[in-house]
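Structure file final27.pdb; described as PDB, C-alpha atoms.
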```
MODEL        1
ATOM      1  CA  MET A  26     -18.714 -34.274  80.835  1.00  0.00           C
ATOM      2  CA  GLU A  27     -16.988 -35.442  84.013  1.00  0.00           C
ATOM      3  CA  THR A  28     -15.444 -38.839  83.338  1.00  0.00           C
ATOM      4  CA  SER A  29     -13.720 -39.511  86.651  1.00  0.00           C
ATOM      5  CA  VAL A  30     -15.606 -41.915  88.862  1.00  0.00           C
ATOM      6  CA  ASN A  31     -14.858 -43.274  92.310  1.00  0.00           C
ATOM      7  CA  ILE A  32     -15.117 -47.021  92.057  1.00  0.00           C
ATOM      8  CA  ASP A  33     -16.549 -48.875  95.023  1.00  0.00           C
ATOM      9  CA  TRP A  34     -14.251 -51.886  94.845  1.00  0.00           C
ATOM     10  CA  ASP A  35     -16.142 -53.663  97.618  1.00  0.00           C
ATOM     11  CA  LYS A  36     -19.301 -53.419  95.519  1.00  0.00           C
ATOM     12  CA  VAL A  37     -17.495 -54.642  92.384  1.00  0.00           C
ATOM     13  CA  ASN A  38     -16.061 -57.610  94.298  1.00  0.00           C
ATOM     14  CA  GLU A  39     -19.489 -58.317  95.802  1.00  0.00           C
ATOM     15  CA  ILE A  40     -20.972 -58.488  92.286  1.00  0.00           C
ATOM     16  CA  ILE A  41     -18.252 -60.877  91.122  1.00  0.00           C
ATOM     17  CA  GLU A  42     -18.739 -63.049  94.212  1.00  0.00           C
ATOM     18  CA  LYS A  43     -22.520 -63.055  93.673  1.00  0.00           C
ATOM     19  CA  TYR A  44     -21.831 -65.001  90.468  1.00  0.00           C
ATOM     20  CA  LYS A  45     -19.144 -67.091  92.196  1.00  0.00           C
ATOM     21  CA  GLY A  46     -16.489 -65.680  89.867  1.00  0.00           C
ATOM     22  CA  ASP A  47     -17.945 -67.754  87.019  1.00  0.00           C
ATOM     23  CA  HIS A  48     -16.533 -66.597  83.678  1.00  0.00           C
ATOM     24  CA  GLU A  49     -19.818 -67.563  82.010  1.00  0.00           C
ATOM     25  CA  ALA A  50     -21.497 -64.813  84.057  1.00  0.00           C
ATOM     26  CA  LEU A  51     -19.337 -62.099  82.470  1.00  0.00           C
ATOM     27  CA  LEU A  52     -22.291 -60.406  80.760  1.00  0.00           C
ATOM     28  CA  MET A  53     -24.397 -60.357  83.944  1.00  0.00           C
ATOM     29  CA  ILE A  54     -21.461 -59.057  85.983  1.00  0.00           C
ATOM     30  CA  MET A  55     -20.815 -56.294  83.464  1.00  0.00           C
ATOM     31  CA  GLN A  56     -24.528 -55.436  83.429  1.00  0.00           C
ATOM     32  CA  ASP A  57     -24.627 -55.211  87.235  1.00  0.00           C
ATOM     33  CA  ILE A  58     -21.563 -52.943  87.230  1.00  0.00           C
ATOM     34  CA  SER A  59     -23.144 -50.877  84.471  1.00  0.00           C
ATOM     35  CA  ASP A  60     -26.310 -50.553  86.573  1.00  0.00           C
ATOM     36  CA  ILE A  61     -24.239 -48.760  89.223  1.00  0.00           C
ATOM     37  CA  TYR A  62     -22.120 -46.464  87.038  1.00  0.00           C
ATOM     38  CA  ASN A  63     -24.144 -46.417  83.772  1.00  0.00           C
ATOM     39  CA  TYR A  64     -21.042 -47.839  82.106  1.00  0.00           C
ATOM     40  CA  VAL A  65     -18.197 -50.230  82.855  1.00  0.00           C
ATOM     41  CA  PRO A  66     -15.273 -48.068  84.000  1.00  0.00           C
ATOM     42  CA  PRO A  67     -11.996 -49.022  82.284  1.00  0.00           C
ATOM     43  CA  GLU A  68     -10.315 -49.554  85.673  1.00  0.00           C
ATOM     44  CA  VAL A  69     -12.664 -52.502  86.271  1.00  0.00           C
ATOM     45  CA  ILE A  70     -11.607 -54.451  83.167  1.00  0.00           C
ATOM     46  CA  PRO A  71      -8.282 -55.781  84.530  1.00  0.00           C
ATOM     47  CA  VAL A  72     -10.111 -56.928  87.674  1.00  0.00           C
ATOM     48  CA  LEU A  73     -12.640 -58.846  85.567  1.00  0.00           C
ATOM     49  CA  VAL A  74      -9.817 -60.416  83.579  1.00  0.00           C
ATOM     50  CA  GLU A  75      -8.017 -61.509  86.733  1.00  0.00           C
ATOM     51  CA  LYS A  76     -10.958 -62.632  88.852  1.00  0.00           C
ATOM     52  CA  LEU A  77     -12.891 -64.393  86.092  1.00  0.00           C
ATOM     53  CA  GLY A  78      -9.907 -65.801  84.230  1.00  0.00           C
ATOM     54  CA  VAL A  79     -11.064 -64.383  80.896  1.00  0.00           C
ATOM     55  CA  ARG A  80      -9.147 -62.619  78.158  1.00  0.00           C
ATOM     56  CA  GLU A  81      -9.329 -58.864  77.946  1.00  0.00           C
ATOM     57  CA  SER A  82     -10.493 -59.245  74.346  1.00  0.00           C
ATOM     58  CA  LEU A  83     -13.564 -61.158  75.567  1.00  0.00           C
ATOM     59  CA  VAL A  84     -14.501 -58.320  77.922  1.00  0.00           C
ATOM     60  CA  TYR A  85     -14.252 -55.861  75.024  1.00  0.00           C
ATOM     61  CA  SER A  86     -16.197 -58.210  72.740  1.00  0.00           C
ATOM     62  CA  VAL A  87     -19.074 -58.427  75.221  1.00  0.00           C
ATOM     63  CA  ALA A  88     -19.038 -54.668  75.773  1.00  0.00           C
ATOM     64  CA  THR A  89     -19.172 -53.880  72.071  1.00  0.00           C
ATOM     65  CA  PHE A  90     -21.717 -56.557  71.159  1.00  0.00           C
ATOM     66  CA  TYR A  91     -24.383 -55.741  73.762  1.00  0.00           C
ATOM     67  CA  LYS A  92     -26.046 -52.346  73.521  1.00  0.00           C
ATOM     68  CA  THR A  93     -26.797 -52.306  77.262  1.00  0.00           C
ATOM     69  CA  ILE A  94     -23.077 -52.307  78.068  1.00  0.00           C
ATOM     70  CA  SER A  95     -20.919 -49.261  77.491  1.00  0.00           C
ATOM     71  CA  LEU A  96     -17.249 -48.587  78.110  1.00  0.00           C
ATOM     72  CA  GLU A  97     -17.876 -44.832  77.831  1.00  0.00           C
ATOM     73  CA  PRO A  98     -19.556 -42.782  80.554  1.00  0.00           C
ATOM     74  CA  ARG A  99     -23.258 -42.369  79.944  1.00  0.00           C
ATOM     75  CA  GLY A 100     -25.812 -40.020  81.406  1.00  0.00           C
ATOM     76  CA  LYS A 101     -27.750 -40.427  84.602  1.00  0.00           C
ATOM     77  CA  PHE A 102     -30.798 -40.790  82.359  1.00  0.00           C
ATOM     78  CA  ILE A 103     -30.465 -43.135  79.381  1.00  0.00           C
ATOM     79  CA  VAL A 104     -33.130 -42.139  76.859  1.00  0.00           C
ATOM     80  CA  SER A 105     -33.740 -45.083  74.528  1.00  0.00           C
ATOM     81  CA  VAL A 106     -35.773 -44.301  71.431  1.00  0.00           C
ATOM     82  CA  CYS A 107     -37.491 -47.297  69.881  1.00  0.00           C
ATOM     83  CA  THR A 108     -36.759 -47.435  66.167  1.00  0.00           C
ATOM     84  CA  GLY A 109     -38.574 -50.709  65.508  1.00  0.00           C
ATOM     85  CA  THR A 110     -41.029 -50.848  62.621  1.00  0.00           C
ATOM     86  CA  ALA A 111     -44.169 -49.830  64.548  1.00  0.00           C
ATOM     87  CA  CYS A 112     -42.452 -46.876  66.221  1.00  0.00           C
ATOM     88  CA  HIS A 113     -40.631 -45.917  63.031  1.00  0.00           C
ATOM     89  CA  VAL A 114     -43.839 -45.585  61.017  1.00  0.00           C
ATOM     90  CA  ARG A 115     -45.437 -43.606  63.851  1.00  0.00           C
ATOM     91  CA  GLY A 116     -42.669 -40.990  63.987  1.00  0.00           C
ATOM     92  CA  ALA A 117     -39.671 -42.270  65.954  1.00  0.00           C
ATOM     93  CA  GLU A 118     -37.409 -40.118  63.769  1.00  0.00           C
ATOM     94  CA  LYS A 119     -39.255 -36.965  64.892  1.00  0.00           C
ATOM     95  CA  ILE A 120     -38.872 -38.064  68.517  1.00  0.00           C
ATOM     96  CA  THR A 121     -35.120 -38.473  68.054  1.00  0.00           C
ATOM     97  CA  GLU A 122     -34.859 -35.078  66.331  1.00  0.00           C
ATOM     98  CA  ALA A 123     -36.770 -33.378  69.159  1.00  0.00           C
ATOM     99  CA  LEU A 124     -34.493 -34.965  71.766  1.00  0.00           C
ATOM    100  CA  GLU A 125     -31.335 -34.055  69.857  1.00  0.00           C
ATOM    101  CA  GLU A 126     -32.449 -30.439  69.465  1.00  0.00           C
ATOM    102  CA  ASN A 127     -33.604 -30.095  73.075  1.00  0.00           C
ATOM    103  CA  LEU A 128     -30.567 -31.747  74.659  1.00  0.00           C
ATOM    104  CA  ASP A 129     -28.065 -30.403  72.081  1.00  0.00           C
ATOM    105  CA  ILE A 130     -26.536 -33.832  71.452  1.00  0.00           C
ATOM    106  CA  ARG A 131     -26.784 -36.493  68.757  1.00  0.00           C
ATOM    107  CA  GLU A 132     -27.882 -40.102  69.151  1.00  0.00           C
ATOM    108  CA  GLY A 133     -25.115 -41.985  70.974  1.00  0.00           C
ATOM    109  CA  GLU A 134     -23.873 -38.902  72.827  1.00  0.00           C
ATOM    110  CA  THR A 135     -24.165 -37.652  76.401  1.00  0.00           C
ATOM    111  CA  THR A 136     -24.947 -34.110  77.510  1.00  0.00           C
ATOM    112  CA  GLU A 137     -22.093 -32.020  78.916  1.00  0.00           C
ATOM    113  CA  ASP A 138     -23.677 -32.082  82.385  1.00  0.00           C
ATOM    114  CA  GLY A 139     -23.727 -35.886  82.321  1.00  0.00           C
ATOM    115  CA  LEU A 140     -27.498 -36.079  82.753  1.00  0.00           C
ATOM    116  CA  PHE A 141     -28.800 -37.491  79.452  1.00  0.00           C
ATOM    117  CA  THR A 142     -27.645 -39.993  76.858  1.00  0.00           C
ATOM    118  CA  ILE A 143     -29.734 -40.670  73.743  1.00  0.00           C
ATOM    119  CA  GLU A 144     -29.612 -44.111  72.167  1.00  0.00           C
ATOM    120  CA  ALA A 145     -31.604 -45.818  69.441  1.00  0.00           C
ATOM    121  CA  VAL A 146     -32.865 -49.328  70.157  1.00  0.00           C
ATOM    122  CA  ARG A 147     -34.481 -51.768  67.754  1.00  0.00           C
ATOM    123  CA  CYS A 148     -37.576 -52.622  69.795  1.00  0.00           C
ATOM    124  CA  ILE A 149     -38.825 -51.961  73.293  1.00  0.00           C
ATOM    125  CA  GLY A 150     -41.759 -54.359  72.973  1.00  0.00           C
ATOM    126  CA  CYS A 151     -44.596 -51.846  73.281  1.00  0.00           C
ATOM    127  CA  CYS A 152     -45.539 -51.742  69.615  1.00  0.00           C
ATOM    128  CA  ALA A 153     -49.167 -50.730  70.199  1.00  0.00           C
ATOM    129  CA  SER A 154     -48.017 -47.662  72.180  1.00  0.00           C
ATOM    130  CA  GLY A 155     -45.524 -46.290  69.654  1.00  0.00           C
ATOM    131  CA  PRO A 156     -43.622 -44.155  69.333  1.00  0.00           C
ATOM    132  CA  VAL A 157     -42.034 -45.193  72.607  1.00  0.00           C
ATOM    133  CA  ILE A 158     -39.018 -44.138  74.644  1.00  0.00           C
ATOM    134  CA  THR A 159     -37.637 -45.467  77.873  1.00  0.00           C
ATOM    135  CA  VAL A 160     -35.814 -43.300  80.347  1.00  0.00           C
ATOM    136  CA  ASN A 161     -33.775 -45.768  82.333  1.00  0.00           C
ATOM    137  CA  LYS A 162     -36.467 -48.328  83.168  1.00  0.00           C
ATOM    138  CA  ASP A 163     -39.529 -46.084  82.773  1.00  0.00           C
ATOM    139  CA  THR A 164     -41.520 -46.487  79.554  1.00  0.00           C
ATOM    140  CA  HIS A 165     -43.316 -43.578  77.881  1.00  0.00           C
ATOM    141  CA  GLY A 166     -45.518 -44.213  74.844  1.00  0.00           C
ATOM    142  CA  GLY A 167     -47.882 -42.571  72.400  1.00  0.00           C
ATOM    143  CA  LEU A 168     -45.438 -39.704  72.035  1.00  0.00           C
ATOM    144  CA  ASP A 169     -45.075 -36.779  69.700  1.00  0.00           C
ATOM    145  CA  ARG A 170     -42.406 -34.043  69.750  1.00  0.00           C
ATOM    146  CA  SER A 171     -44.159 -32.004  72.418  1.00  0.00           C
ATOM    147  CA  SER A 172     -44.992 -34.845  74.795  1.00  0.00           C
ATOM    148  CA  THR A 173     -41.447 -36.203  74.463  1.00  0.00           C
ATOM    149  CA  LEU A 174     -40.014 -32.876  75.580  1.00  0.00           C
ATOM    150  CA  ASN A 175     -42.499 -32.786  78.462  1.00  0.00           C
ATOM    151  CA  VAL A 176     -41.156 -36.164  79.606  1.00  0.00           C
ATOM    152  CA  ILE A 177     -37.569 -34.861  79.476  1.00  0.00           C
ATOM    153  CA  ASP A 178     -38.572 -31.694  81.350  1.00  0.00           C
ATOM    154  CA  GLU A 179     -39.984 -33.840  84.163  1.00  0.00           C
ATOM    155  CA  TYR A 180     -36.635 -35.618  84.546  1.00  0.00           C
ATOM    156  CA  LYS A 181     -34.801 -32.280  84.503  1.00  0.00           C
ATOM    157  CA  LYS A 182     -37.021 -31.044  87.360  1.00  0.00           C
ATOM    158  CA  HIS A 183     -36.047 -33.953  89.592  1.00  0.00           C
ATOM    159  CA  VAL A 184     -32.303 -33.455  89.328  1.00  0.00           C
ATOM    160  CA  SER A 185     -30.770 -32.111  92.491  1.00  0.00           C
TER
ENDMDL
END
```
Take the structure I supplied and represent it as structure tokens, if you would.
Amino acid sequence: METSVNIDWDKVNEIIEKYKGDHEALLMIMQDISDIYNYVPPEVIPVLVEKLGVRESLVYSVATFYKTISLEPRGKFIVSVCTGTACHVRGAEKITEALEENLDIREGETTEDGLFTIEAVRCIGCCASGPVITVNKDTHGGLDRSSTLNVIDEYKKHVS
């Protein structure tokens, strides 16, 4: 997977300024940067340290504590499989297996083409619709192996 990314420093600085450089907004700043790149590029960390006046260890602590933040490149499409109790008993494991087989990656990995990342999450909050996945911010529920792969195929069709 291609890991080099061109960082829009104006955009990064704009995000920091949006929160007035407040060190207490570190998580939100990292989330906003992650929304652009699907991860926090390592080149951004020293800028956060300098502009927010925080320790580098704090940046890494936030990144490793919160599942929505990654320091590793992730796919254009983040496929989150709910593994909460309701989804688990309705077959979340089969959904994960189908995704892993179809995309030829394991949970936590990204496809070679940089399109898909599979991640397990504890609960999406749609318990009555389980098993549920989200692809970025789109929720898909009531899934089985076949319908899950149909969802993925739809995303593959819309890649230019």
**Test item: the PyMOL selection byres ((chain A and resi 132) around 10) resolved as a list of chain:residue names** = A:Val104, A:Ser105, A:Val106, A:Thr121, A:Glu122, A:Leu124, A:Glu125, A:Ile130, A:Arg131, A:Gly133, A:Glu134, A:Thr135, A:Thr142, A:Ile143, A:Glu144, A:Ala145
**Request:** Find the residues around segment 33-50 of chain A up to 8 Å (only C-alpha atoms counted), leave out those fewer than 2 positions away in its own chain, and share them as a list of chain:residue names.
**Result:** A:Asn31, A:Leu52, A:Met53, A:Ile54, A:Asp57, A:Ile58, A:Lys76, A:Leu77, A:Gly78, A:Val79
**Request:** Could you tell me which of A:Gln56, A:Gly167, A:Thr173, A:Thr136 comes closest to Lys101 of chain A if we count only C-alpha atoms?
**Result:** A:Thr136
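Closest to Pro71 of chain A among A:Ser59, A:Val84, A:Gly116, A:Phe102 is A:Val84, based on all atoms listed in the file.
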**Request:** List the residues sitting within 6 Å of (-17.6, -46.6, 88.9) in the file's frame, using only C-alpha atoms, as a list in words.
**Result:** Val30, Asn31, Ile32, Tyr62 and Pro66 of chain A
**Request:** Using the chain letters and residue numbers of this document, give as a list in words the residues selected by the PyMOL selection byres ((chain A and resi 170) around 6).
**Result:** Ile120, Ala123, Asp169, Ser171, Ser172 and Thr173 of chain A
Since the input is missing atoms for segment 61-82 of chain A, could you rebuild it with N, CA and C atoms and give the result as an mmCIF file, keeping the file's coordinate frame?
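Output (result.cif):
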```cif
data_model
loop_
_atom_site.group_PDB
_atom_site.id
_atom_site.type_symbol
_atom_site.label_atom_id
_atom_site.label_comp_id
_atom_site.auth_asym_id
_atom_site.auth_seq_id
_atom_site.Cartn_x
_atom_site.Cartn_y
_atom_site.Cartn_z
ATOM 1 N N ILE A 61 -24.719 -49.682 88.188
ATOM 2 C CA ILE A 61 -24.239 -48.760 89.223
ATOM 3 C C ILE A 61 -23.692 -47.475 88.611
ATOM 4 N N TYR A 62 -22.847 -47.608 87.594
ATOM 5 C CA TYR A 62 -22.120 -46.464 87.038
ATOM 6 C C TYR A 62 -22.668 -45.964 85.699
ATOM 7 N N ASN A 63 -23.614 -46.676 85.116
ATOM 8 C CA ASN A 63 -24.144 -46.417 83.772
ATOM 9 C C ASN A 63 -23.116 -46.695 82.683
ATOM 10 N N TYR A 64 -22.035 -47.331 83.048
ATOM 11 C CA TYR A 64 -21.042 -47.839 82.106
ATOM 12 C C TYR A 64 -20.095 -48.733 82.897
ATOM 13 N N VAL A 65 -19.216 -49.422 82.194
ATOM 14 C CA VAL A 65 -18.197 -50.230 82.855
ATOM 15 C C VAL A 65 -16.906 -49.418 82.822
ATOM 16 N N PRO A 66 -16.502 -48.877 83.976
ATOM 17 C CA PRO A 66 -15.273 -48.068 84.000
ATOM 18 C C PRO A 66 -14.060 -48.897 83.556
ATOM 19 N N PRO A 67 -13.151 -48.285 82.804
ATOM 20 C CA PRO A 67 -11.996 -49.022 82.284
ATOM 21 C C PRO A 67 -11.126 -49.639 83.385
ATOM 22 N N GLU A 68 -11.117 -49.028 84.563
ATOM 23 C CA GLU A 68 -10.315 -49.554 85.673
ATOM 24 C C GLU A 68 -10.814 -50.918 86.145
ATOM 25 N N VAL A 69 -12.065 -51.247 85.831
ATOM 26 C CA VAL A 69 -12.664 -52.502 86.271
ATOM 27 C C VAL A 69 -12.241 -53.667 85.368
ATOM 28 N N ILE A 70 -11.898 -53.381 84.140
ATOM 29 C CA ILE A 70 -11.607 -54.451 83.167
ATOM 30 C C ILE A 70 -10.477 -55.380 83.619
ATOM 31 N N PRO A 71 -9.330 -54.863 84.076
ATOM 32 C CA PRO A 71 -8.282 -55.781 84.530
ATOM 33 C C PRO A 71 -8.719 -56.660 85.710
ATOM 34 N N VAL A 72 -9.596 -56.147 86.545
ATOM 35 C CA VAL A 72 -10.111 -56.928 87.674
ATOM 36 C C VAL A 72 -10.981 -58.071 87.160
ATOM 37 N N LEU A 73 -11.816 -57.789 86.169
ATOM 38 C CA LEU A 73 -12.640 -58.846 85.567
ATOM 39 C C LEU A 73 -11.767 -59.912 84.935
ATOM 40 N N VAL A 74 -10.744 -59.485 84.228
ATOM 41 C CA VAL A 74 -9.817 -60.416 83.579
ATOM 42 C C VAL A 74 -9.189 -61.336 84.618
ATOM 43 N N GLU A 75 -8.700 -60.730 85.693
ATOM 44 C CA GLU A 75 -8.017 -61.509 86.733
ATOM 45 C C GLU A 75 -8.965 -62.421 87.501
ATOM 46 N N LYS A 76 -10.068 -61.862 87.972
ATOM 47 C CA LYS A 76 -10.958 -62.632 88.852
ATOM 48 C C LYS A 76 -11.794 -63.671 88.128
ATOM 49 N N LEU A 77 -12.068 -63.443 86.843
ATOM 50 C CA LEU A 77 -12.891 -64.393 86.092
ATOM 51 C C LEU A 77 -12.048 -65.308 85.208
ATOM 52 N N GLY A 78 -10.773 -64.975 85.065
ATOM 53 C CA GLY A 78 -9.907 -65.801 84.230
ATOM 54 C C GLY A 78 -10.286 -65.748 82.764
ATOM 55 N N VAL A 79 -10.691 -64.557 82.300
ATOM 56 C CA VAL A 79 -11.064 -64.383 80.896
ATOM 57 C C VAL A 79 -10.047 -63.479 80.221
ATOM 58 N N ARG A 80 -10.035 -63.508 78.913
ATOM 59 C CA ARG A 80 -9.147 -62.619 78.158
ATOM 60 C C ARG A 80 -9.756 -61.220 78.090
ATOM 61 N N GLU A 81 -8.891 -60.248 78.067
ATOM 62 C CA GLU A 81 -9.329 -58.864 77.946
ATOM 63 C C GLU A 81 -10.149 -58.671 76.674
ATOM 64 N N SER A 82 -9.768 -59.371 75.614
ATOM 65 C CA SER A 82 -10.493 -59.245 74.346
ATOM 66 C C SER A 82 -11.945 -59.711 74.484
#
```
